[in-house]
file protein09.pdb (PDB, C-alpha atoms (C1' of nucleotides))
ATOM      1  CA  MET A  54     -22.337  -0.397  30.167
ATOM      2  CA  THR A  55     -22.071   0.300  26.518
ATOM      3  CA  THR A  56     -25.612  -0.779  25.824
ATOM      4  CA  ALA A  57     -27.358   1.542  23.444
ATOM      5  CA  GLY A  58     -30.090   2.813  25.637
ATOM      6  CA  SER A  59     -28.717   5.985  27.057
ATOM      7  CA  GLU A  60     -29.613   8.219  24.129
ATOM      8  CA  SER A  61     -33.151   9.424  23.922
ATOM      9  CA  ARG A  62     -34.916  10.784  20.878
ATOM     10  CA  SER A  63     -33.624  14.208  21.728
ATOM     11  CA  ALA A  64     -30.066  13.100  21.050
ATOM     12  CA  GLN A  65     -30.087  14.279  17.471
ATOM     13  CA  GLN A  66     -30.990  17.761  18.532
ATOM     14  CA  GLU A  67     -28.468  17.849  21.340
ATOM     15  CA  ASP A  68     -25.257  16.982  19.595
ATOM     16  CA  PRO A  69     -25.643  16.888  15.872
ATOM     17  CA  CYS A  70     -21.952  17.345  15.227
ATOM     18  CA  ARG A  71     -20.525  14.760  17.618
ATOM     19  CA  THR A  72     -21.126  12.184  14.954
ATOM     20  CA  ARG A  73     -18.941  14.200  12.679
ATOM     21  CA  GLU A  74     -16.227  14.834  15.177
ATOM     22  CA  VAL A  75     -15.654  11.209  15.975
ATOM     23  CA  LEU A  76     -15.214  10.586  12.278
ATOM     24  CA  ASP A  77     -12.737  13.408  12.125
ATOM     25  CA  ILE A  78     -10.697  11.463  14.635
ATOM     26  CA  VAL A  79     -10.921   7.893  13.424
ATOM     27  CA  GLY A  80     -12.809   8.173  10.140
ATOM     28  CA  ASP A  81      -9.734   8.336   7.981
ATOM     29  CA  LYS A  82      -8.205   5.510   6.091
ATOM     30  CA  TRP A  83      -5.734   4.147   8.597
ATOM     31  CA  SER A  84      -6.524   5.221  12.167
ATOM     32  CA  LEU A  85      -8.755   2.315  13.079
ATOM     33  CA  LEU A  86      -6.271  -0.127  11.627
ATOM     34  CA  VAL A  87      -3.556   1.342  13.782
ATOM     35  CA  VAL A  88      -5.719   1.307  16.900
ATOM     36  CA  ARG A  89      -6.672  -2.246  16.147
ATOM     37  CA  ASN A  90      -3.066  -3.289  15.783
ATOM     38  CA  LEU A  91      -2.125  -1.633  19.024
ATOM     39  CA  SER A  92      -4.906  -3.280  20.966
ATOM     40  CA  GLN A  93      -2.726  -6.224  21.839
ATOM     41  CA  GLY A  94       0.080  -4.171  23.249
ATOM     42  CA  PRO A  95       2.838  -1.770  22.215
ATOM     43  CA  ARG A  96       4.207  -1.959  18.731
ATOM     44  CA  ARG A  97       7.187  -0.410  17.010
ATOM     45  CA  PHE A  98       6.960   1.691  13.903
ATOM     46  CA  THR A  99       8.216  -0.962  11.560
ATOM     47  CA  GLU A 100       6.064  -3.624  13.173
ATOM     48  CA  LEU A 101       3.009  -1.534  12.460
ATOM     49  CA  LYS A 102       4.156  -0.819   8.950
ATOM     50  CA  ARG A 103       4.556  -4.502   8.295
ATOM     51  CA  ALA A 104       1.283  -5.420   9.998
ATOM     52  CA  ILE A 105      -0.858  -2.879   8.212
ATOM     53  CA  ASP A 106      -0.810  -3.940   4.637
ATOM     54  CA  GLY A 107      -0.489  -1.173   2.111
ATOM     55  CA  ILE A 108       0.251   1.718   4.410
ATOM     56  CA  SER A 109       3.095   3.956   3.362
ATOM     57  CA  GLN A 110       5.740   5.289   5.674
ATOM     58  CA  ARG A 111       4.344   8.764   5.318
ATOM     59  CA  MET A 112       0.770   7.822   6.103
ATOM     60  CA  LEU A 113       1.797   5.714   9.068
ATOM     61  CA  THR A 114       3.690   8.685  10.459
ATOM     62  CA  VAL A 115       0.816  11.053   9.758
ATOM     63  CA  THR A 116      -1.718   8.704  11.311
ATOM     64  CA  LEU A 117       0.382   8.011  14.380
ATOM     65  CA  ARG A 118       1.039  11.708  14.922
ATOM     66  CA  SER A 119      -2.638  12.470  14.667
ATOM     67  CA  LEU A 120      -3.599   9.749  17.134
ATOM     68  CA  GLU A 121      -0.841  10.817  19.470
ATOM     69  CA  ARG A 122      -2.053  14.390  19.305
ATOM     70  CA  ASP A 123      -5.565  13.245  20.136
ATOM     71  CA  GLY A 124      -4.359  11.340  23.162
ATOM     72  CA  ILE A 125      -5.277   7.974  21.669
ATOM     73  CA  LEU A 126      -1.761   6.599  21.836
ATOM     74  CA  THR A 127       1.650   7.435  23.228
ATOM     75  CA  ARG A 128       4.937   7.559  21.418
ATOM     76  CA  THR A 129       7.972   6.404  23.319
ATOM     77  CA  VAL A 130      11.441   6.996  21.939
ATOM     78  CA  ARG A 131      14.372   5.035  23.237
ATOM     79  CA  ASN A 132      17.544   6.812  22.246
ATOM     80  CA  VAL A 133      19.485   3.878  20.960
ATOM     81  CA  MET A 134      20.853   3.019  17.604
ATOM     82  CA  PRO A 135      19.110   1.935  15.510
ATOM     83  CA  PRO A 136      16.191   4.028  16.782
ATOM     84  CA  HIS A 137      13.596   2.261  18.844
ATOM     85  CA  VAL A 138      10.200   3.961  18.929
ATOM     86  CA  SER A 139       7.220   2.187  20.361
ATOM     87  CA  TYR A 140       3.573   3.139  20.258
ATOM     88  CA  GLU A 141       0.990   2.154  22.798
ATOM     89  CA  LEU A 142      -2.675   2.859  23.345
ATOM     90  CA  THR A 143      -3.519   5.201  26.178
ATOM     91  CA  PRO A 144      -6.366   4.234  28.511
ATOM     92  CA  MET A 145      -8.590   6.442  26.366
ATOM     93  CA  GLY A 146      -7.303   4.672  23.290
ATOM     94  CA  LYS A 147      -8.333   1.388  24.824
ATOM     95  CA  THR A 148     -11.828   2.665  25.495
ATOM     96  CA  LEU A 149     -11.954   3.792  21.876
ATOM     97  CA  ARG A 150     -10.987   0.309  20.856
ATOM     98  CA  GLN A 151     -13.868  -1.029  22.939
ATOM     99  CA  ALA A 152     -16.255   1.480  21.450
ATOM    100  CA  THR A 153     -15.398   0.504  17.915
ATOM    101  CA  ALA A 154     -15.654  -3.208  18.572
ATOM    102  CA  PRO A 155     -19.441  -3.427  18.017
ATOM    103  CA  LEU A 156     -19.104  -1.634  14.704
ATOM    104  CA  LEU A 157     -16.365  -3.979  13.543
ATOM    105  CA  GLU A 158     -18.394  -6.914  14.684
ATOM    106  CA  TRP A 159     -21.369  -5.520  12.796
ATOM    107  CA  SER A 160     -19.297  -5.342   9.641
ATOM    108  CA  THR A 161     -18.170  -8.911  10.069
ATOM    109  CA  ILE A 162     -21.750 -10.018  10.340
ATOM    110  CA  HIS A 163     -23.334  -7.871   7.671
ATOM    111  CA  LEU A 164     -20.768  -7.308   4.949
ATOM    112  CA  ALA A 165     -21.935 -10.291   2.965
ATOM    113  CA  HIS A 166     -25.486  -9.030   3.213
ATOM    114  CA  ILE A 167     -24.368  -5.649   1.992
ATOM    115  CA  ASP A 168     -22.655  -7.172  -0.987
ATOM    116  CA  ALA A 169     -25.885  -8.952  -1.796
ATOM    117  CA  ALA A 170     -27.893  -5.771  -1.389
ATOM    118  CA  ARG A 171     -25.560  -3.965  -3.745
ATOM    119  CA  ALA A 172     -25.817  -6.681  -6.341
ATOM    120  CA  THR A 173     -29.601  -6.545  -6.131
ATOM    121  CA  TYR A 174     -29.619  -2.779  -6.369
ATOM    122  CA  ASP A 175     -27.249  -2.704  -9.309
ATOM    123  CA  ALA A 176     -29.241  -5.365 -11.120
ATOM    124  CA  ARG A 177     -32.581  -3.635 -11.056
ATOM    125  CA  PRO A 178     -33.529  -1.293 -13.884
ATOM    126  CA  ASP A 179     -35.795   0.870 -11.726
ATOM    127  CA  THR A 180     -33.441   3.755 -12.095
ATOM    128  CA  SER A 181     -35.709   5.561 -14.496
ATOM    129  CA  PRO A 182     -39.291   5.774 -13.219
ATOM    130  CA  ALA A 183     -41.426   6.048 -16.340
TER     131      ALA A 183
ATOM    132  CA  MET B 222     -24.642 -10.386  21.945
ATOM    133  CA  THR B 223     -22.819  -7.258  21.083
ATOM    134  CA  THR B 224     -20.334  -7.568  23.892
ATOM    135  CA  ALA B 225     -16.811  -7.019  22.736
ATOM    136  CA  GLY B 226     -15.357 -10.299  23.736
ATOM    137  CA  SER B 227     -15.758 -12.424  20.690
ATOM    138  CA  GLU B 228     -12.617 -11.270  18.925
ATOM    139  CA  SER B 229      -9.416 -12.965  19.898
ATOM    140  CA  ARG B 230      -5.910 -11.801  19.209
ATOM    141  CA  SER B 231      -6.107 -13.504  15.868
ATOM    142  CA  ALA B 232      -8.723 -11.051  14.701
ATOM    143  CA  GLN B 233      -6.247  -8.734  13.085
ATOM    144  CA  GLN B 234      -4.913 -11.519  10.957
ATOM    145  CA  GLU B 235      -8.310 -12.832   9.999
ATOM    146  CA  ASP B 236     -10.016  -9.738   8.631
ATOM    147  CA  PRO B 237      -7.631  -6.869   8.271
ATOM    148  CA  CYS B 238      -9.790  -5.109   5.699
ATOM    149  CA  ARG B 239     -13.176  -5.312   7.425
ATOM    150  CA  THR B 240     -12.213  -2.230   9.319
ATOM    151  CA  ARG B 241     -11.763  -0.470   6.051
ATOM    152  CA  GLU B 242     -14.939  -1.753   4.482
ATOM    153  CA  VAL B 243     -17.181  -0.547   7.239
ATOM    154  CA  LEU B 244     -15.664   2.888   6.822
ATOM    155  CA  ASP B 245     -16.318   2.686   3.119
ATOM    156  CA  ILE B 246     -19.968   2.320   4.011
ATOM    157  CA  VAL B 247     -20.489   4.817   6.798
ATOM    158  CA  GLY B 248     -17.175   6.607   7.017
ATOM    159  CA  ASP B 249     -18.162   9.458   4.769
ATOM    160  CA  LYS B 250     -19.299  12.841   5.875
ATOM    161  CA  TRP B 251     -23.056  12.369   6.042
ATOM    162  CA  SER B 252     -24.054   8.706   6.260
ATOM    163  CA  LEU B 253     -24.033   8.414  10.033
ATOM    164  CA  LEU B 254     -25.989  11.636  10.336
ATOM    165  CA  VAL B 255     -28.626  10.260   8.023
ATOM    166  CA  VAL B 256     -28.795   6.946   9.835
ATOM    167  CA  ARG B 257     -29.021   8.783  13.101
ATOM    168  CA  ASN B 258     -31.864  10.930  11.859
ATOM    169  CA  LEU B 259     -33.757   7.920  10.582
ATOM    170  CA  SER B 260     -33.428   6.037  13.823
ATOM    171  CA  GLN B 261     -36.664   7.469  15.140
ATOM    172  CA  GLY B 262     -38.728   6.491  12.161
ATOM    173  CA  PRO B 263     -39.256   7.292   8.475
ATOM    174  CA  ARG B 264     -38.369  10.721   7.234
ATOM    175  CA  ARG B 265     -39.009  12.557   4.010
ATOM    176  CA  PHE B 266     -36.287  14.024   1.858
ATOM    177  CA  THR B 267     -36.917  17.593   2.856
ATOM    178  CA  GLU B 268     -37.274  16.665   6.504
ATOM    179  CA  LEU B 269     -33.819  15.141   6.409
ATOM    180  CA  LYS B 270     -32.410  18.078   4.544
ATOM    181  CA  ARG B 271     -33.759  20.423   7.174
ATOM    182  CA  ALA B 272     -32.686  18.222  10.074
ATOM    183  CA  ILE B 273     -29.128  17.687   8.902
ATOM    184  CA  ASP B 274     -27.567  21.075   9.085
ATOM    185  CA  GLY B 275     -25.331  22.005   6.221
ATOM    186  CA  ILE B 276     -26.038  19.122   3.881
ATOM    187  CA  SER B 277     -26.649  20.048   0.278
ATOM    188  CA  GLN B 278     -29.369  18.596  -1.869
ATOM    189  CA  ARG B 279     -26.810  16.812  -3.936
ATOM    190  CA  MET B 280     -25.005  15.215  -1.019
ATOM    191  CA  LEU B 281     -28.239  14.157   0.622
ATOM    192  CA  THR B 282     -29.260  12.426  -2.571
ATOM    193  CA  VAL B 283     -25.866  10.820  -3.005
ATOM    194  CA  THR B 284     -25.764   9.650   0.599
ATOM    195  CA  LEU B 285     -29.291   8.284   0.547
ATOM    196  CA  ARG B 286     -28.664   6.419  -2.708
ATOM    197  CA  SER B 287     -25.533   4.894  -1.301
ATOM    198  CA  LEU B 288     -27.245   3.757   1.885
ATOM    199  CA  GLU B 289     -30.171   2.432  -0.100
ATOM    200  CA  ARG B 290     -27.819   0.502  -2.334
ATOM    201  CA  ASP B 291     -26.149  -0.997   0.724
ATOM    202  CA  GLY B 292     -29.470  -2.116   2.153
ATOM    203  CA  ILE B 293     -29.227   0.253   5.092
ATOM    204  CA  LEU B 294     -32.443   2.070   4.262
ATOM    205  CA  THR B 295     -35.407   1.873   1.938
ATOM    206  CA  ARG B 296     -36.749   4.542  -0.352
ATOM    207  CA  THR B 297     -40.494   4.679  -0.778
ATOM    208  CA  VAL B 298     -42.029   6.865  -3.455
ATOM    209  CA  ARG B 299     -45.661   7.827  -3.287
ATOM    210  CA  ASN B 300     -46.741   9.049  -6.685
ATOM    211  CA  VAL B 301     -48.590  12.137  -5.648
ATOM    212  CA  MET B 302     -48.024  15.779  -6.306
ATOM    213  CA  PRO B 303     -46.014  17.296  -4.812
ATOM    214  CA  PRO B 304     -43.744  14.233  -4.672
ATOM    215  CA  HIS B 305     -43.686  12.314  -1.424
ATOM    216  CA  VAL B 306     -40.584  10.196  -0.873
ATOM    217  CA  SER B 307     -39.894   8.689   2.495
ATOM    218  CA  TYR B 308     -36.789   6.949   3.769
ATOM    219  CA  GLU B 309     -36.695   4.350   6.485
ATOM    220  CA  LEU B 310     -34.037   2.196   8.085
ATOM    221  CA  THR B 311     -34.116  -1.466   7.193
ATOM    222  CA  PRO B 312     -33.685  -3.994   9.999
ATOM    223  CA  MET B 313     -30.022  -4.112   9.059
ATOM    224  CA  GLY B 314     -29.930  -0.340   9.189
ATOM    225  CA  LYS B 315     -31.262  -0.493  12.713
ATOM    226  CA  THR B 316     -28.576  -2.942  13.754
ATOM    227  CA  LEU B 317     -26.038  -0.569  12.253
ATOM    228  CA  ARG B 318     -27.511   2.188  14.334
ATOM    229  CA  GLN B 319     -27.073   0.014  17.401
ATOM    230  CA  ALA B 320     -23.514  -0.826  16.442
ATOM    231  CA  THR B 321     -22.543   2.801  16.099
ATOM    232  CA  ALA B 322     -24.131   3.842  19.369
ATOM    233  CA  PRO B 323     -21.121   2.961  21.558
ATOM    234  CA  LEU B 324     -18.826   4.946  19.311
ATOM    235  CA  LEU B 325     -21.083   7.983  19.461
ATOM    236  CA  GLU B 326     -21.350   7.591  23.181
ATOM    237  CA  TRP B 327     -17.576   7.360  23.370
ATOM    238  CA  SER B 328     -17.268  10.610  21.479
ATOM    239  CA  THR B 329     -19.688  12.316  23.804
ATOM    240  CA  ILE B 330     -17.635  11.229  26.756
ATOM    241  CA  HIS B 331     -14.156  11.819  25.407
ATOM    242  CA  LEU B 332     -14.293  14.747  23.019
ATOM    243  CA  ALA B 333     -13.463  17.245  25.704
ATOM    244  CA  HIS B 334     -10.512  15.107  26.725
ATOM    245  CA  ILE B 335      -9.360  15.001  23.141
ATOM    246  CA  ASP B 336      -9.535  18.759  22.857
ATOM    247  CA  ALA B 337      -7.378  18.981  25.956
ATOM    248  CA  ALA B 338      -4.912  16.443  24.572
ATOM    249  CA  ARG B 339      -4.619  18.433  21.375
ATOM    250  CA  ALA B 340      -4.009  21.646  23.232
ATOM    251  CA  THR B 341      -1.289  19.972  25.268
ATOM    252  CA  TYR B 342       0.278  18.453  22.196
ATOM    253  CA  ASP B 343       0.213  21.703  20.241
ATOM    254  CA  ALA B 344       1.683  23.604  23.166
ATOM    255  CA  ARG B 345       4.773  21.501  23.633
ATOM    256  CA  PRO B 346       7.926  22.405  21.727
ATOM    257  CA  ASP B 347       9.217  18.843  21.516
ATOM    258  CA  THR B 348       8.648  18.828  17.806
ATOM    259  CA  SER B 349      12.290  19.348  16.972
ATOM    260  CA  PRO B 350      14.554  16.931  18.810
ATOM    261  CA  ALA B 351      17.893  18.747  18.982
TER     262      ALA B 351
ATOM    263  C1'  DT C 195     -49.547  33.992 -16.008
ATOM    264  C1'  DG C 196     -46.200  33.181 -13.150
ATOM    265  C1'  DC C 197     -44.280  31.579  -8.766
ATOM    266  C1'  DC C 198     -43.779  27.986  -5.108
ATOM    267  C1'  DC C 199     -42.996  23.290  -3.385
ATOM    268  C1'  DC C 200     -40.851  18.622  -3.578
ATOM    269  C1'  DG C 201     -37.340  15.727  -4.850
ATOM    270  C1'  DG C 202     -34.295  15.444  -7.308
ATOM    271  C1'  DT C 203     -30.238  15.880 -11.612
ATOM    272  C1'  DT C 204     -26.378  17.987 -13.910
ATOM    273  C1'  DC C 205     -22.245  20.678 -14.397
ATOM    274  C1'  DC C 206     -18.300  22.775 -12.655
ATOM    275  C1'  DC C 207     -14.872  23.534  -9.333
ATOM    276  C1'  DT C 208     -11.822  23.219  -5.236
ATOM    277  C1'  DG C 209      -9.360  21.339  -1.208
ATOM    278  C1'  DG C 210      -7.286  18.029   0.924
ATOM    279  C1'  DA C 211      -6.532  13.037   1.736
ATOM    280  C1'  DG C 212      -3.506  10.021   0.441
ATOM    281  C1'  DG C 213       0.242   7.859  -2.703
ATOM    282  C1'  DT C 214       5.238   7.776  -4.531
ATOM    283  C1'  DA C 215       9.800   8.474  -4.188
ATOM    284  C1'  DA C 216      13.903  10.499  -2.694
ATOM    285  C1'  DC C 217      16.511  12.117   1.145
ATOM    286  C1'  DT C 218      18.053  12.154   6.221
ATOM    287  C1'  DA C 219      21.033  10.620  10.612
ATOM    288  C1'  DT C 220      23.532   7.259  13.043
ATOM    289  C1'  DG C 221      25.668   3.138  14.528
ATOM    290  C1'  DA C 222      26.704  -1.637  13.429
ATOM    291  C1'  DC C 223      28.392  -4.926  10.599
ATOM    292  C1'  DC C 224      31.676  -6.821   7.263
TER     293       DC C 224
ATOM    294  C1'  DG D 191      34.129   2.596   3.162
ATOM    295  C1'  DG D 192      30.015   0.611   1.535
ATOM    296  C1'  DT D 193      25.726  -1.282   2.941
ATOM    297  C1'  DC D 194      21.879  -2.137   6.030
ATOM    298  C1'  DA D 195      18.235  -1.112   9.500
ATOM    299  C1'  DT D 196      15.196   2.205  11.974
ATOM    300  C1'  DA D 197      12.231   5.939  11.952
ATOM    301  C1'  DG D 198      11.187   9.172   9.924
ATOM    302  C1'  DT D 199      10.850  14.060   6.641
ATOM    303  C1'  DT D 200      10.094  16.494   2.412
ATOM    304  C1'  DA D 201       8.500  17.509  -2.199
ATOM    305  C1'  DC D 202       5.446  16.526  -5.595
ATOM    306  C1'  DC D 203       1.371  14.741  -7.700
ATOM    307  C1'  DT D 204      -3.279  12.737  -8.364
ATOM    308  C1'  DC D 205      -7.863  11.863  -7.588
ATOM    309  C1'  DC D 206     -12.228  12.312  -5.874
ATOM    310  C1'  DA D 207     -15.371  13.623  -1.990
ATOM    311  C1'  DG D 208     -17.906  17.217  -1.401
ATOM    312  C1'  DG D 209     -19.759  22.110  -2.216
ATOM    313  C1'  DG D 210     -22.344  25.592  -5.124
ATOM    314  C1'  DA D 211     -25.591  26.755  -8.251
ATOM    315  C1'  DA D 212     -28.585  26.188 -11.973
ATOM    316  C1'  DC D 213     -32.151  23.456 -14.027
ATOM    317  C1'  DC D 214     -36.379  20.211 -14.186
ATOM    318  C1'  DG D 215     -41.459  18.678 -13.978
ATOM    319  C1'  DG D 216     -45.985  19.175 -12.658
ATOM    320  C1'  DG D 217     -49.752  20.346  -9.605
ATOM    321  C1'  DG D 218     -51.462  24.138  -6.526
ATOM    322  C1'  DC D 219     -52.734  28.598  -6.104
ATOM    323  C1'  DA D 220     -53.073  33.696  -6.244
TER     324       DA D 220
END
call {"tool": "encode", "arguments": {"input": "protein09.pdb", "output": "structure tokens"}}
result
Amino acid sequence: MTTAGSESRSAQQEDPCRTREVLDIVGDKWSLLVVRNLSQGPRRFTELKRAIDGISQRMLTVTLRSLERDGILTRTVRNVMPPHVSYELTPMGKTLRQATAPLLEWSTIHLAHIDAARATYDARPDTSPA
Amino acid sequence: MTTAGSESRSAQQEDPCRTREVLDIVGDKWSLLVVRNLSQGPRRFTELKRAIDGISQRMLTVTLRSLERDGILTRTVRNVMPPHVSYELTPMGKTLRQATAPLLEWSTIHLAHIDAARATYDARPDTSPA
DNA sequence: TGCCCCGGTTCCCTGGAGGTAACTATGACC
DNA sequence: GGTCATAGTTACCTCCAGGGAACCGGGGCA
């Protein structure tokens, strides 16, 4: 189960850096988008490039290489012309996808609230306590 | 429910940027550490600074302000001397904590595997296809 | 009288994440 | 023989997240 009960109050002492390491893996600008796009099956380079709005060729390559190196996805080259390279989540990549789902769902639910909170915060003049 | 079944294959079309926005909120270097440290109750500035290894005064302030602005935590100043400022997760902050739990748990489980994958990747000479 | 503590603020600086654009190989197509 | 598509690579540049260190204000306290 992925219910959030398995970590006791000693968790913060035990692995203070794990939080950081997972961000090193998927905390960059494009990784989660790529993982998300691969969650429905293999995709080719150009498919991903078209699906992920705004990503440059270079950053897609960099991101894919990084995820491949981490064992999140596999890169399969078919030696035909024009080149056919397809990317697919590994089993671990799929579990990552599952693990990020609650966070994405959270964002869907709370982003509007966050916008409101920001507006409230920016509107108040309490910045300088007399 | 926080089960990961509510997103269909149309999810990537619907909210392609949500993924990015949630990272804008907690994807930085220290936010998740702060949230994690506040999950067991209110903490004072110096307590957090001591608990989060390596964070500078400036970055703790910046991170706390950002999370406060986003409605993730509250900042409570008691006007005594020496100053007493305590930070506490809002209800939304607690739901965020819950939403990140699976990802942190995932990292705990898979980080060793990732290290292995990296070693394998770095060891292979397939980088230059002749 | 001067130093310490708490919770910051301000200034300066650096590294690296990420963007842009040009270049590549190869076969197919016309 | 020129152009297109695929899947990149390379060089160059910019910007800002984050780090370091100094400074602040006021009560306690020795």
call {"tool": "calpha_fit_and_write", "arguments": {"input": "protein09.pdb", "fixed": "chain A", "moving": "chain B", "output": "tab-separated table (two decimals) with C-alpha atoms, in the frame of the given file"}}
result
chain	number	residue	atom	x	y	z
B	222	MET	CA	-22.15	0.80	30.82
B	223	THR	CA	-21.82	0.80	27.11
B	224	THR	CA	-25.34	-0.39	26.49
B	225	ALA	CA	-27.08	1.64	23.87
B	226	GLY	CA	-29.96	2.85	25.89
B	227	SER	CA	-28.78	6.11	27.27
B	228	GLU	CA	-29.67	8.22	24.26
B	229	SER	CA	-33.22	9.41	24.03
B	230	ARG	CA	-34.98	10.78	21.00
B	231	SER	CA	-33.62	14.17	21.87
B	232	ALA	CA	-30.10	13.02	21.13
B	233	GLN	CA	-30.14	14.24	17.58
B	234	GLN	CA	-31.00	17.71	18.69
B	235	GLU	CA	-28.47	17.78	21.48
B	236	ASP	CA	-25.27	16.86	19.67
B	237	PRO	CA	-25.73	16.77	15.96
B	238	CYS	CA	-22.03	17.25	15.26
B	239	ARG	CA	-20.57	14.65	17.64
B	240	THR	CA	-21.16	12.11	14.95
B	241	ARG	CA	-19.00	14.14	12.68
B	242	GLU	CA	-16.27	14.77	15.20
B	243	VAL	CA	-15.70	11.15	15.98
B	244	LEU	CA	-15.27	10.53	12.28
B	245	ASP	CA	-12.80	13.37	12.13
B	246	ILE	CA	-10.75	11.42	14.63
B	247	VAL	CA	-10.97	7.85	13.41
B	248	GLY	CA	-12.85	8.13	10.15
B	249	ASP	CA	-9.78	8.30	7.98
B	250	LYS	CA	-8.26	5.46	6.09
B	251	TRP	CA	-5.77	4.11	8.60
B	252	SER	CA	-6.55	5.19	12.16
B	253	LEU	CA	-8.78	2.27	13.08
B	254	LEU	CA	-6.28	-0.16	11.62
B	255	VAL	CA	-3.57	1.33	13.78
B	256	VAL	CA	-5.72	1.28	16.88
B	257	ARG	CA	-6.68	-2.28	16.13
B	258	ASN	CA	-3.07	-3.31	15.75
B	259	LEU	CA	-2.11	-1.65	19.01
B	260	SER	CA	-4.88	-3.31	20.94
B	261	GLN	CA	-2.68	-6.25	21.83
B	262	GLY	CA	0.13	-4.18	23.23
B	263	PRO	CA	2.88	-1.76	22.20
B	264	ARG	CA	4.23	-1.95	18.70
B	265	ARG	CA	7.20	-0.41	16.98
B	266	PHE	CA	6.95	1.72	13.87
B	267	THR	CA	8.22	-0.93	11.52
B	268	GLU	CA	6.09	-3.60	13.14
B	269	LEU	CA	3.02	-1.53	12.43
B	270	LYS	CA	4.14	-0.79	8.92
B	271	ARG	CA	4.57	-4.48	8.26
B	272	ALA	CA	1.32	-5.44	9.98
B	273	ILE	CA	-0.86	-2.90	8.21
B	274	ASP	CA	-0.82	-3.97	4.63
B	275	GLY	CA	-0.51	-1.21	2.10
B	276	ILE	CA	0.21	1.70	4.40
B	277	SER	CA	3.03	3.97	3.33
B	278	GLN	CA	5.67	5.32	5.63
B	279	ARG	CA	4.26	8.77	5.26
B	280	MET	CA	0.69	7.81	6.08
B	281	LEU	CA	1.76	5.72	9.04
B	282	THR	CA	3.63	8.69	10.43
B	283	VAL	CA	0.76	11.05	9.75
B	284	THR	CA	-1.78	8.70	11.30
B	285	LEU	CA	0.33	8.01	14.37
B	286	ARG	CA	0.97	11.71	14.93
B	287	SER	CA	-2.70	12.45	14.67
B	288	LEU	CA	-3.65	9.73	17.13
B	289	GLU	CA	-0.89	10.81	19.47
B	290	ARG	CA	-2.12	14.38	19.31
B	291	ASP	CA	-5.63	13.21	20.15
B	292	GLY	CA	-4.40	11.29	23.18
B	293	ILE	CA	-5.32	7.94	21.67
B	294	LEU	CA	-1.79	6.58	21.84
B	295	THR	CA	1.62	7.42	23.23
B	296	ARG	CA	4.90	7.57	21.39
B	297	THR	CA	7.95	6.43	23.30
B	298	VAL	CA	11.41	7.03	21.89
B	299	ARG	CA	14.36	5.08	23.17
B	300	ASN	CA	17.52	6.88	22.16
B	301	VAL	CA	19.48	3.95	20.89
B	302	MET	CA	20.82	3.07	17.50
B	303	PRO	CA	19.09	1.95	15.43
B	304	PRO	CA	16.17	4.07	16.66
B	305	HIS	CA	13.58	2.32	18.78
B	306	VAL	CA	10.18	4.00	18.87
B	307	SER	CA	7.22	2.21	20.32
B	308	TYR	CA	3.55	3.14	20.23
B	309	GLU	CA	0.98	2.14	22.78
B	310	LEU	CA	-2.70	2.82	23.33
B	311	THR	CA	-3.54	5.15	26.17
B	312	PRO	CA	-6.39	4.17	28.49
B	313	MET	CA	-8.61	6.38	26.37
B	314	GLY	CA	-7.31	4.62	23.29
B	315	LYS	CA	-8.35	1.33	24.81
B	316	THR	CA	-11.85	2.61	25.48
B	317	LEU	CA	-11.97	3.73	21.87
B	318	ARG	CA	-10.99	0.25	20.85
B	319	GLN	CA	-13.86	-1.09	22.92
B	320	ALA	CA	-16.27	1.41	21.44
B	321	THR	CA	-15.41	0.44	17.90
B	322	ALA	CA	-15.66	-3.28	18.55
B	323	PRO	CA	-19.44	-3.51	17.98
B	324	LEU	CA	-19.12	-1.71	14.68
B	325	LEU	CA	-16.38	-4.04	13.51
B	326	GLU	CA	-18.41	-6.98	14.66
B	327	TRP	CA	-21.38	-5.60	12.78
B	328	SER	CA	-19.31	-5.40	9.63
B	329	THR	CA	-18.17	-8.97	10.03
B	330	ILE	CA	-21.75	-10.09	10.31
B	331	HIS	CA	-23.34	-7.94	7.64
B	332	LEU	CA	-20.79	-7.36	4.91
B	333	ALA	CA	-21.94	-10.34	2.92
B	334	HIS	CA	-25.50	-9.09	3.19
B	335	ILE	CA	-24.39	-5.70	1.97
B	336	ASP	CA	-22.67	-7.22	-1.03
B	337	ALA	CA	-25.90	-9.00	-1.84
B	338	ALA	CA	-27.92	-5.81	-1.42
B	339	ARG	CA	-25.59	-4.00	-3.78
B	340	ALA	CA	-25.85	-6.71	-6.38
B	341	THR	CA	-29.63	-6.57	-6.17
B	342	TYR	CA	-29.65	-2.81	-6.38
B	343	ASP	CA	-27.27	-2.70	-9.33
B	344	ALA	CA	-29.26	-5.36	-11.15
B	345	ARG	CA	-32.60	-3.62	-11.09
B	346	PRO	CA	-33.52	-1.28	-13.93
B	347	ASP	CA	-35.71	0.97	-11.81
B	348	THR	CA	-33.23	3.76	-12.16
B	349	SER	CA	-35.25	5.59	-14.77
B	350	PRO	CA	-38.87	6.05	-13.74
B	351	ALA	CA	-40.73	6.37	-17.04
call {"tool": "resolve_selection", "arguments": {"input": "protein09.pdb", "expression": "the PyMOL selection byres ((chain C and resi 213) around 8)", "output": "list of chain:residue names"}}
result
A:Ser109, C:DG212, C:DT214
call {"tool": "atom_distance", "arguments": {"input": "protein09.pdb", "atom1": "C1' of DC217 in chain C", "atom2": "C1' of DT199 in chain D"}}
result
8.1 Å
call {"tool": "closest_atom_pairs", "arguments": {"input": "protein09.pdb", "of": "chain D", "to": "chain A", "cutoff": "9 Å", "atoms": "only C-alpha atoms (C1' of nucleotides)", "output": "JSON lines"}}
result
{"residue": "D:DA195", "atom": "C1'", "partner": "A:Pro135", "partner_atom": "CA", "distance": 6.8}
{"residue": "D:DT196", "atom": "C1'", "partner": "A:Pro136", "partner_atom": "CA", "distance": 5.2}
{"residue": "D:DA197", "atom": "C1'", "partner": "A:Pro136", "partner_atom": "CA", "distance": 6.5}
{"residue": "D:DG198", "atom": "C1'", "partner": "A:Thr114", "partner_atom": "CA", "distance": 7.5}
{"residue": "D:DT199", "atom": "C1'", "partner": "A:Arg111", "partner_atom": "CA", "distance": 8.5}
